[in-house]
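Below: the structure, in structure tokens.
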Amino acid sequence: MWPAGRSLARPVGRRPEPWEKPAVGGDHAANLSGPCARRYRPGMSRISPRPSVRRLRTTLLAVAGALAVAGAVGAEPAEGTAPAVQTAPPADPMQSIGSISVGHPHHGFLINGVRMPKGEQWILGAPGLAWGTDETIAALMHCARRLHEQFPGSPKLRIGAISAERGGPLPPHKSHRTGRDADVHFVLTQRTPKKWYEAATAENLDRERTWALLRLVITETDVEMVLIDRSVQALLEEYALKMGEDPAWVADLFHGSPGSSSLIKHVPGHTGHMHIRFVSPVARRRGVLAYDRLVEQGHVVPPSRRVEHEVVQGDTLSEIAAQFGMTVEALQQANDLESTVIKLGQKLTITERVDIKGARDPVVVPKRRLPPQPAAVAHSAQ
């Protein structure tokens, strides 16, 4: 299943991101937008705004190769073969894979997270909790920069919790475990001095900049949902309609439409920030593909549960141990057995490993909910 010995050597210099691809001719760059887009100059790489199936496959091959290397480091040569020439292994082969998001945001972990750097357009409330997938960090940086392009002189965007360095539990948050959730504060017209968190109200919400930020998140990045308290939603919805946004599009975002739920959802208490859940498809696909090997190598520790097994005719201790993925010794120790002899009807207590919730779920990139394009003006040939 895992190709052994796959080379992970990379050219000297900056490691290309998963979404990058070599420059090609034509005017392709002119149509790019989103966190992976850049202004094109001759000699630069062109970057696609969304990861393609081909690049996802390339990424998954790299995952398999890196995990094979990580598992092979220090392995003994097969019997009857000459020892291989020893070369210095990477300090940490896992680092060559890129960000890995494992499991559901309420139950999972983050591996090879990227820390949100300092920036001129944003400020971090908790730098130690500002770790995310490379896609999440790229999307946040993109939106902050685009907001300041639209509104020069704006205050720095306040970014709260994303994830811990290796993900996992982050009290008091229920999610923020996989590098895909980020708390981004609303833009206010005035703030209380030395106060980091402040609720938005009809009096202090900067509707223009906050709606522009929310619009960037929705139209230029891939998100699963945005959580905002209903009281703030009402202010933003009213402003969007007042500014001439398409009513059907706005209604779909805030209230949903036949066949689809709303993208912006109400969660009580989200009055000072919007909680954004990014899709991060590349990091999640890595997690799905690599899950078994990550568990095997101890990079993630799945939950377990205690079950009771009643011995039936034909059972052996070794077969029972194999059935539940444990050693005979561990099974003996768990049940205070001095030998491998078991009796018909005997009940054995077994600690069974279960998958992290969502660890094997298929990764689906939802279609971006874009506003309708203005009707093209037809030019008569006459």
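As shown in the structure tokens, the chain order sets the letters A, B, ...; within each chain, residues go from 1, and ligands are also counted from 1 in the order they appear.
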
Subject >> Those in range 256-360 of chain A with helix (DSSP H, G or I) from DSSP, as number ranges by chain >> reply: A: 281-296, 317-323, 328-334

**OP:** Would you mind listing what lies within 8 Å of range 129-143 of chain A as a ChimeraX atom specification, with only C-alpha atoms counted and same-chain residues fewer than 2 positions away left out?
**Re:** /A:34-36,98-101,110,112-116,124,126-127,145-147,160-165,167,178-181,213,216-217,221,278,280,282-283

**OP:** List every residue of range 106-239 of chain A that DSSP, applied to the backbone of this structure, assigns to strand (DSSP E), and report them as a list in words.
**Re:**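 Output for range 106-239 of chain A, strand (DSSP E) only: Phe109, Leu110, Ile111, Val114, Arg115, Trp122, Ile123, Leu124, Trp131, Gly132, Leu157, Arg158, Ile159, Asp181, Ala182, Asp183, Val184, His185, Val223, Glu224, Met225, Val226 and Leu227 of chain A.
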
Subject >> Residue nearest Ala234 in chain A - candidates A:Thr271, A:Gln333, A:Gln373, A:Gln346, atoms counted: only C-alpha atoms >> reply: A:Thr271

**OP:** Using only C-alpha atoms, determine which residues lie at most 9 Å from range 253-255 of chain A, disregarding the query and same-chain residues fewer than 5 positions distant; provide the list as a ChimeraX atom specification.
**Re:** /A:233-234,237,248,261-265,369

Original post:
Which one of A:Ile276, A:Leu236, A:Val300, A:Val184 sits closest to Asp355 in chain A if you count only C-alpha atoms?
Top reply: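 Comparing A:Ile276, A:Leu236, A:Val300, A:Val184 against Asp355 in chain A, the winner is A:Val300.
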
If you count only C-alpha atoms, which residues fall within 9 Å of Pro155 in chain A, apart from same-chain ones fewer than 4 positions away, as a short mmCIF file (atom, residue, chain, number, x, y, z; two decimals) with C-alpha atoms, in the first residue's frame?
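Writing the result to selection_38.cif gives the following:
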data_model
loop_
_atom_site.label_atom_id
_atom_site.label_comp_id
_atom_site.auth_asym_id
_atom_site.auth_seq_id
_atom_site.Cartn_x
_atom_site.Cartn_y
_atom_site.Cartn_z
CA GLN A 121 -2.54 44.18 7.86
CA TRP A 122 -3.40 41.98 10.85
CA HIS A 148 -6.61 46.80 3.13
CA VAL A 187 -14.22 45.68 12.17
#

**OP:** Give me, please, the distance in Å between CA of Pro281 in chain A and CA of Arg360 in chain A, quoted to one decimal.
**Re:**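 These atoms are spaced 13.2 Å apart.
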
Original post:
Which distance in Å separates CA of Trp196 in chain A and CA of Arg215 in chain A, to one decimal?
Top reply: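 Computing it gives 23.8 Å between the two atoms.
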